[in-house]
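Visitor: Following this message is one structure expressed as structure tokens.
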Amino acid sequence: MLKSTFTPILWALTPKPKYPKHPPHAVTNTSTAHVRHNASVTTPPLPSSAYVHLPFCRKRCHYCDFPILALGSFSPHDDDPRVSNYVHFLCREITATKVSPNPNAPLQTVFFGGGTPSLVPPRLVSLVLDTLRIKFGVSQDAEISMEMDPGTFDADKMREMVLLGVNRVSLGVQAFQEKLLKACGRAHGLREVHEAISVVKSCGVENWSVDLIASLPHQTEDMWEESLRLTIQAQPTHVSVYDLQIEQGTKFGRLYTPGEFPLPSEVQSADFYKMASRMLCDANYNHYEISSYSKSGYECKHNSTYWKNMPFYGFGLGSASFVGGVRFSRPKKLNEYMNYVQNLENGLVNGSVSADDRTHAKDMAMDVVMLSLRTATGLDLKHFQETFGRSIVLSLLKAYKPYVESGHVVGLDEERKTIRIDDLSNSLLDKANTKGRLAYIRLSDPEGFLLSNELIAIAFGVIDSWEDRPPYKEIA
Amino acid sequence: MGFLSKASKSMRQSNYLSLLRNFNFNPYINRITHQCSSVTSALFCSQSRQSSTREKSTIDLSEYPPELVRNFSIIAHVDHGKSTLADRLLELTGTIKKGHGQPQYLDKLQVERERGITVKAQTATMFYKHRKSGNDCDDEKELPNFLLNLIDTPGHVDFSYEVSRSLAACQGVLLVVDAAQGVQAQTVANFYLAFESNLTIVPVINKIDQPTADPDRVKAQLKSMFDLDPSDALLTSAKTGVGLEQVLPAVIERIPPPPGRSNSPLRMLLLDSYYDEYKGVICHVAVVDGVLYKGGKISFAATGQSYEALDIGIMHPELTPTGVLLTGQVGYVVSGMRSTKDARVGDTIYHTRSIVEPLPGFKPAKHMVFSGLYPADGSDFEALNHAIERLTCNDASVSITKETSTALGLGFRCGFLGLLHMDVFHQRLEQEYGAHVISTVPTVPYIFEYSDGSKLEVQNPASLPSNPKQRVMACWEPTVIATIIIPSEYMGPVITLVSERRGQQLEYSFIDSQRAFMKYRLPLREIVVDFYNVLKSITSGYASFDYEDSDYQQADLVKLDILLNGQPVDAMATIVHNMKAYRVGRELAEKLKKVIDRQMFEITIQAAIGSKIIARETISAMRKNVLAKCYGGDVTRKRKLLEKQKEGKKRMKRVGSVDIPQEAFNELLKNS
Ligand SMILES: Nc1nc2c(ncn2[C@@H]2O[C@H](COP(=O)(O)OP(=O)(O)O)[C@@H](O)[C@H]2O)c(=O)[nH]1
Ligand SMILES: [Mg+2]
């Protein structure tokens, strides 16, 4: 699996282009020369994951800066033109997306994110899924996730979604305190939370997640402990613990300053994070990514494509895709997005491959490091070295040495056994003996995860000042 | 002078080299190259064409024996009107056209504007017809034409050595005093420089047009402080023109002609030099004895180097070739010299192979303030090196040696004549060469004497051993004699300030009923950083301040180290008076605590004298910096955030495991 992750690099090693980057939607059809060039080298793996953005919400939460469309407090009917119009554009986008002539592998994961996808009538969800099936095919055992908010669905709707194929639910609980829910501007109360949990369970959704937010204004340690406890009691297979980020332009952004009352201090906030890690691990959840916990075997497959730097489609307002080694974000404004879809149909834009945007080797290395270090698996040094060369691995290890000593970074062998600090530098050289040889580095839980931005920024610094050209693989 | 100095100032200020390429002092070159690339040079070109046609054929220096020559300077406290008066005199004599000069404030270096000083001296020659009183045997119609050299002096004590060199070429000065402000600190300092050089002093009370002008009060001050006869004072307004007609006659009547001997071997005093891209070094000289013809072979006493006088002439105000320079005259020499380092102000120039007694007073530049200069953005040492090299081409008075700091990397230890000189250098480096520099806290040259009798001059505190093998027997620090003039009501706070700075009162008196005059001996170290600013702020800007170098004095000095996680930061080491060490140490530690961000480890900041820790602060470890938000597949956004963080780290300086933001170094500069 990991091996294929790095394949794009083989044709992405060309030096960064000198000419300015054009956003793909401003570029007219890419040159055939480029396509030929591409084909002559290697074909990047095709995505087998799709993110679908359904941006509707009752109202905007006070912390939210996502591209959403607030509908007001009534439940939308099947014929709410705002929703159906959008979904039709979405389907047109899916249909107009260029795919390679090669036969497509069917999608293995589909993720309905938002917004509040559970607000969308099942008929329209079905339309989207059918469009995906026609375009790419959706594997029989694909993971089909949907973000659902308490108060936006009942048992009937849930059952309908299950019938359509939705088999994983990510439930936006956020908190188990009425006061906090209100303070966040959530459109539901605590009663709806409990109802939603029982609906999900009663409808036989086996794979479901509770999403929580830590470090909310006025949140106390007791409240957080309570939220975690009630979450564990509900026995979801997955828990996502997000951290409140104060974003510019949100209500919270205007009201609060991070680290200052009523927001918890940095120390308190770190304690919240540690408490989650400790309580959830004690309840047999694996902390497999900075903000994700799951029972064994219930990791979110869709999100794993992100951490593994694998390609994925993105459809809908503001969504991001990673296809053919190119990261691309769709417009965040509705009318711009609609224009984009029209241009896509007319062949005026190409949401995927464009020579100008090809990811540079350094960029690719940074992505790999940034994404993999968010996970418990960590950075696979063997593959990293194969792709980017030995010198960068050595520089990275050198830069991380003090943090291995301080316990923020951990070295692991092939069998995922921790390697002693003293053996670290030697172990890499030991070609013969794979046992006890350094194979992964990861950030420790919770201390390393808590300072992941610092640690990843240090790795970025190493990559940035990396002068050796990566070994160019001859593919003839 | 006004015109010349303005032209050259603007040249220095903006893009020196590009202007030099387009604009030249030589009128002949100007006539060929008509492309003037900027307003400045356009103005200059038209002016230079006019004057070159007007004067070229008419100047015969042999018509001006010493009796018809006067060499003088204008000296004044800042803003009392020296530059304006000089402009008026140049206009009055037709040396420059009225209105052709640019407003001075436009072309000053920022530092010149801020401090109101002339950094580099300029010189100009004027011609003026005047009947000398009591000399009526001359032909009635043919008034004698005098050759007057106005020799400008830099307006600041840092350059007082250069001032006294400039004055050495003069026989008299115009002492300009603002009619409303009266005598100020630099008036005093400049008066004494002129007085000690035995120069004739012509008092000029300027700005009499101002409503608050009180010339009588100023006359009284001049009398009481300098014993200048009130009836000798000229009253002028350089603004309205009132009284200006008396100035040049007074120069001719009162100031004696230059005393040199025409038939002695050539001796010239080197007044100034600058570098011209095309001609090489241009030297301003005063001919003390003898004659110099174009093509003559000349030698420089300080360096022993010999050159040919390829082109000689006068500054009128731009370079005007004359082919000869006679006794008493002031002009320029182009000799093919490549670096101003070989043209030391005050040096004696003589005919090669002749034997002369060098003129008195040449001494190498004395560096009183030192600081380390490092490229702000790590790797850019070469760029800084290049910028410094180019700048020192025109300012040979800066001493430069390479040094290495563990915190800041490769850089330079620079020695300056004084604080202002240092500021000017830094600003020109930034403004003209776009070099981003980190400058370490300026220090002064201390002398440490050890028990084995050895002595160490310390220009960089980091080079002083923190735990020396030999016992320190004595330490010496340079002092200055400071003159402070203030309205009497500010005496209290000023005395407090000066004694905090370890000042020792030498003299104090009242200039008149409102103004006090104080003289202090102060350790140079104590005025190096922010003395002048504090003084100005506690006196609402009314204090005037000046100082001159004085002797070394013994002092109880210690080296104060700053340690981060136990590692000394060499670039932050200072030498302080033992009595102040605790306070300074505490302040530094507190300040660093504010400017260093939390990091992954706890950071201890310590101030230490030898192995004794005298202050300690800790910055607790960062607890949390994680992005745990549901960004979905939006990797780009995460990336940008982390890249910003990485860029921040890159700009930091690293000592051991501690990242120090560049601001920390600048912060230390502000107060210590
Ligand atoms: N009112 C008035 N202002 C003057 C007079 N002479 C100069 N100034 C102004 O005083 C300021 C300082 O003059 P400047 O010649 O630069 O002084 P310097 O620092 O001694 O060279 C300028 O704004 C001049 O315009 C004068 O006679 N009367
Ligand atoms: Mg001036």
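Naming scheme: A, B, ... for chains in displayed order of the structure tokens; residues 1 onward per chain; ligands 1 onward as shown.
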Select the residues contacting ligand 1 at a distance of at most 8 Å, based on only C-alpha atoms and all ligand atoms, then format the selection as a ChimeraX atom specification.
Guide: /B:75-86,104-105,116-118,155,176,206-210,236-241
Visitor: Compile the residues of chain B that lie within 7 Å of chain A, evaluated using only C-alpha atoms, and express the compilation as JSON, numbers by chain.
Guide: {"B": [623, 624, 625, 626, 627, 628, 629, 630, 633, 634, 642, 643, 645, 646]}
Visitor: Counting only C-alpha atoms, what is within 8 Å of A:Thr131, bar same-chain residues fewer than 2 positions away, as a VMD selection string?
Guide: chain A and resid 91 94 to 95 127 to 129 133 to 135
Visitor: Write a file of the selected residues as a PDB file, in the first residue's frame, keeping all heavy atoms.
Guide:
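After the write, result26.pdb holds the following:
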ATOM      1  N   CYS A  91     -23.380  16.739  -9.227  1.00  0.00           N
ATOM      2  CA  CYS A  91     -23.387  15.558 -10.101  1.00  0.00           C
ATOM      3  C   CYS A  91     -22.799  15.887 -11.474  1.00  0.00           C
ATOM      4  O   CYS A  91     -22.107  15.067 -12.077  1.00  0.00           O
ATOM      5  CB  CYS A  91     -24.813  15.015 -10.245  1.00  0.00           C
ATOM      6  SG  CYS A  91     -25.415  14.318  -8.695  1.00  0.00           S
ATOM      7  N   ILE A  94     -19.121  15.736 -11.097  1.00  0.00           N
ATOM      8  CA  ILE A  94     -18.616  14.350 -11.071  1.00  0.00           C
ATOM      9  C   ILE A  94     -18.568  13.798 -12.493  1.00  0.00           C
ATOM     10  O   ILE A  94     -17.556  13.245 -12.942  1.00  0.00           O
ATOM     11  CB  ILE A  94     -19.519  13.471 -10.179  1.00  0.00           C
ATOM     12  CG1 ILE A  94     -19.442  13.946  -8.713  1.00  0.00           C
ATOM     13  CG2 ILE A  94     -19.106  11.991 -10.280  1.00  0.00           C
ATOM     14  CD1 ILE A  94     -20.457  13.297  -7.790  1.00  0.00           C
ATOM     15  N   THR A  95     -19.642  14.039 -13.207  1.00  0.00           N
ATOM     16  CA  THR A  95     -19.738  13.492 -14.562  1.00  0.00           C
ATOM     17  C   THR A  95     -18.692  14.104 -15.494  1.00  0.00           C
ATOM     18  O   THR A  95     -18.112  13.410 -16.334  1.00  0.00           O
ATOM     19  CB  THR A  95     -21.149  13.744 -15.125  1.00  0.00           C
ATOM     20  OG1 THR A  95     -22.107  13.241 -14.177  1.00  0.00           O
ATOM     21  CG2 THR A  95     -21.344  13.036 -16.456  1.00  0.00           C
ATOM     22  N   LEU A 127     -28.798  10.172  -5.559  1.00  0.00           N
ATOM     23  CA  LEU A 127     -28.414  10.689  -6.875  1.00  0.00           C
ATOM     24  C   LEU A 127     -26.884  10.806  -6.990  1.00  0.00           C
ATOM     25  O   LEU A 127     -26.272  10.427  -7.992  1.00  0.00           O
ATOM     26  CB  LEU A 127     -29.071  12.052  -7.062  1.00  0.00           C
ATOM     27  CG  LEU A 127     -29.148  12.632  -8.459  1.00  0.00           C
ATOM     28  CD1 LEU A 127     -30.011  11.732  -9.340  1.00  0.00           C
ATOM     29  CD2 LEU A 127     -29.733  14.048  -8.401  1.00  0.00           C
ATOM     30  N   VAL A 128     -26.294  11.330  -5.927  1.00  0.00           N
ATOM     31  CA  VAL A 128     -24.840  11.511  -5.923  1.00  0.00           C
ATOM     32  C   VAL A 128     -24.138  10.157  -5.995  1.00  0.00           C
ATOM     33  O   VAL A 128     -23.216   9.950  -6.799  1.00  0.00           O
ATOM     34  CB  VAL A 128     -24.376  12.280  -4.661  1.00  0.00           C
ATOM     35  CG1 VAL A 128     -22.856  12.384  -4.629  1.00  0.00           C
ATOM     36  CG2 VAL A 128     -25.023  13.650  -4.600  1.00  0.00           C
ATOM     37  N   LEU A 129     -24.617   9.238  -5.187  1.00  0.00           N
ATOM     38  CA  LEU A 129     -23.967   7.924  -5.166  1.00  0.00           C
ATOM     39  C   LEU A 129     -24.107   7.219  -6.510  1.00  0.00           C
ATOM     40  O   LEU A 129     -23.163   6.607  -7.002  1.00  0.00           O
ATOM     41  CB  LEU A 129     -24.565   7.062  -4.044  1.00  0.00           C
ATOM     42  CG  LEU A 129     -23.959   7.317  -2.654  1.00  0.00           C
ATOM     43  CD1 LEU A 129     -24.765   6.600  -1.582  1.00  0.00           C
ATOM     44  CD2 LEU A 129     -22.502   6.876  -2.610  1.00  0.00           C
ATOM     45  N   ARG A 133     -21.233   5.930  -8.954  1.00  0.00           N
ATOM     46  CA  ARG A 133     -21.184   4.519  -9.407  1.00  0.00           C
ATOM     47  C   ARG A 133     -21.018   4.460 -10.915  1.00  0.00           C
ATOM     48  O   ARG A 133     -20.216   3.687 -11.434  1.00  0.00           O
ATOM     49  CB  ARG A 133     -22.464   3.790  -8.985  1.00  0.00           C
ATOM     50  CG  ARG A 133     -22.472   3.450  -7.509  1.00  0.00           C
ATOM     51  CD  ARG A 133     -23.535   2.417  -7.140  1.00  0.00           C
ATOM     52  NE  ARG A 133     -23.455   2.165  -5.719  1.00  0.00           N
ATOM     53  CZ  ARG A 133     -24.283   2.742  -4.818  1.00  0.00           C
ATOM     54  NH1 ARG A 133     -25.246   3.562  -5.216  1.00  0.00           N
ATOM     55  NH2 ARG A 133     -24.115   2.498  -3.531  1.00  0.00           N
ATOM     56  N   ILE A 134     -21.778   5.333 -11.602  1.00  0.00           N
ATOM     57  CA  ILE A 134     -21.703   5.318 -13.063  1.00  0.00           C
ATOM     58  C   ILE A 134     -20.325   5.771 -13.533  1.00  0.00           C
ATOM     59  O   ILE A 134     -19.722   5.180 -14.415  1.00  0.00           O
ATOM     60  CB  ILE A 134     -22.808   6.216 -13.662  1.00  0.00           C
ATOM     61  CG1 ILE A 134     -24.171   5.596 -13.386  1.00  0.00           C
ATOM     62  CG2 ILE A 134     -22.603   6.426 -15.159  1.00  0.00           C
ATOM     63  CD1 ILE A 134     -25.330   6.545 -13.599  1.00  0.00           C
ATOM     64  N   LYS A 135     -19.847   6.802 -12.868  1.00  0.00           N
ATOM     65  CA  LYS A 135     -18.578   7.383 -13.311  1.00  0.00           C
ATOM     66  C   LYS A 135     -17.377   6.498 -12.969  1.00  0.00           C
ATOM     67  O   LYS A 135     -16.521   6.232 -13.804  1.00  0.00           O
ATOM     68  CB  LYS A 135     -18.407   8.767 -12.671  1.00  0.00           C
ATOM     69  CG  LYS A 135     -17.170   9.505 -13.100  1.00  0.00           C
ATOM     70  CD  LYS A 135     -17.346  10.110 -14.468  1.00  0.00           C
ATOM     71  CE  LYS A 135     -16.059  10.756 -14.948  1.00  0.00           C
ATOM     72  NZ  LYS A 135     -16.260  11.353 -16.288  1.00  0.00           N
TER      73      LYS A 135
END
Visitor: May I have the residues within 12 Å of A:Gln342 as a PyMOL selection string, using only C-alpha atoms and disregarding those fewer than 3 positions away in the same chain?
Guide: chain A and resi 25+88-97+335-339+345-350
Visitor: Select from stretch 87-302 of chain B everything DSSP, run on the backbone, classes as strand (DSSP E), then give the selection as a PyMOL selection string.
Guide: chain B and resi 123-129+145-151+172-178+200-206+234-235+267-276+280-289+292-293+297-300
Visitor: Looking at only C-alpha atoms, which of B:Ala179, B:Leu167, B:Val188, B:Leu669 is the one that sits closest to B:Ala482?
Guide: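 Once distances to B:Ala482 are computed over only C-alpha atoms, the minimum belongs to B:Val188.
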Visitor: Give me, please, the distance in Å between atom CA of B:Gly323 and atom CA of B:Arg131, quoted to one decimal.
Guide: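 Distance reported for this atom pair: 28.2 Å.
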Visitor: I'd like to know which of B:Asn190, B:Ser339, B:Thr153, B:Thr443 is closest to ligand 2, using only C-alpha atoms and all ligand atoms.
Guide: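 Residue with the minimum atom-to-atom distance to ligand 2: B:Thr153.
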Visitor: Which of these, B:Glu318, B:Glu382, B:Asp87, B:Glu63, has the shortest distance to ligand 2 once you count only C-alpha atoms and all ligand atoms?
Guide: B:Asp87
Visitor: Just how far from atom CA of A:Leu119 is atom CA of A:Gly137, in Å to one decimal?
Guide: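 Distance between the two atoms: 25.0 Å.
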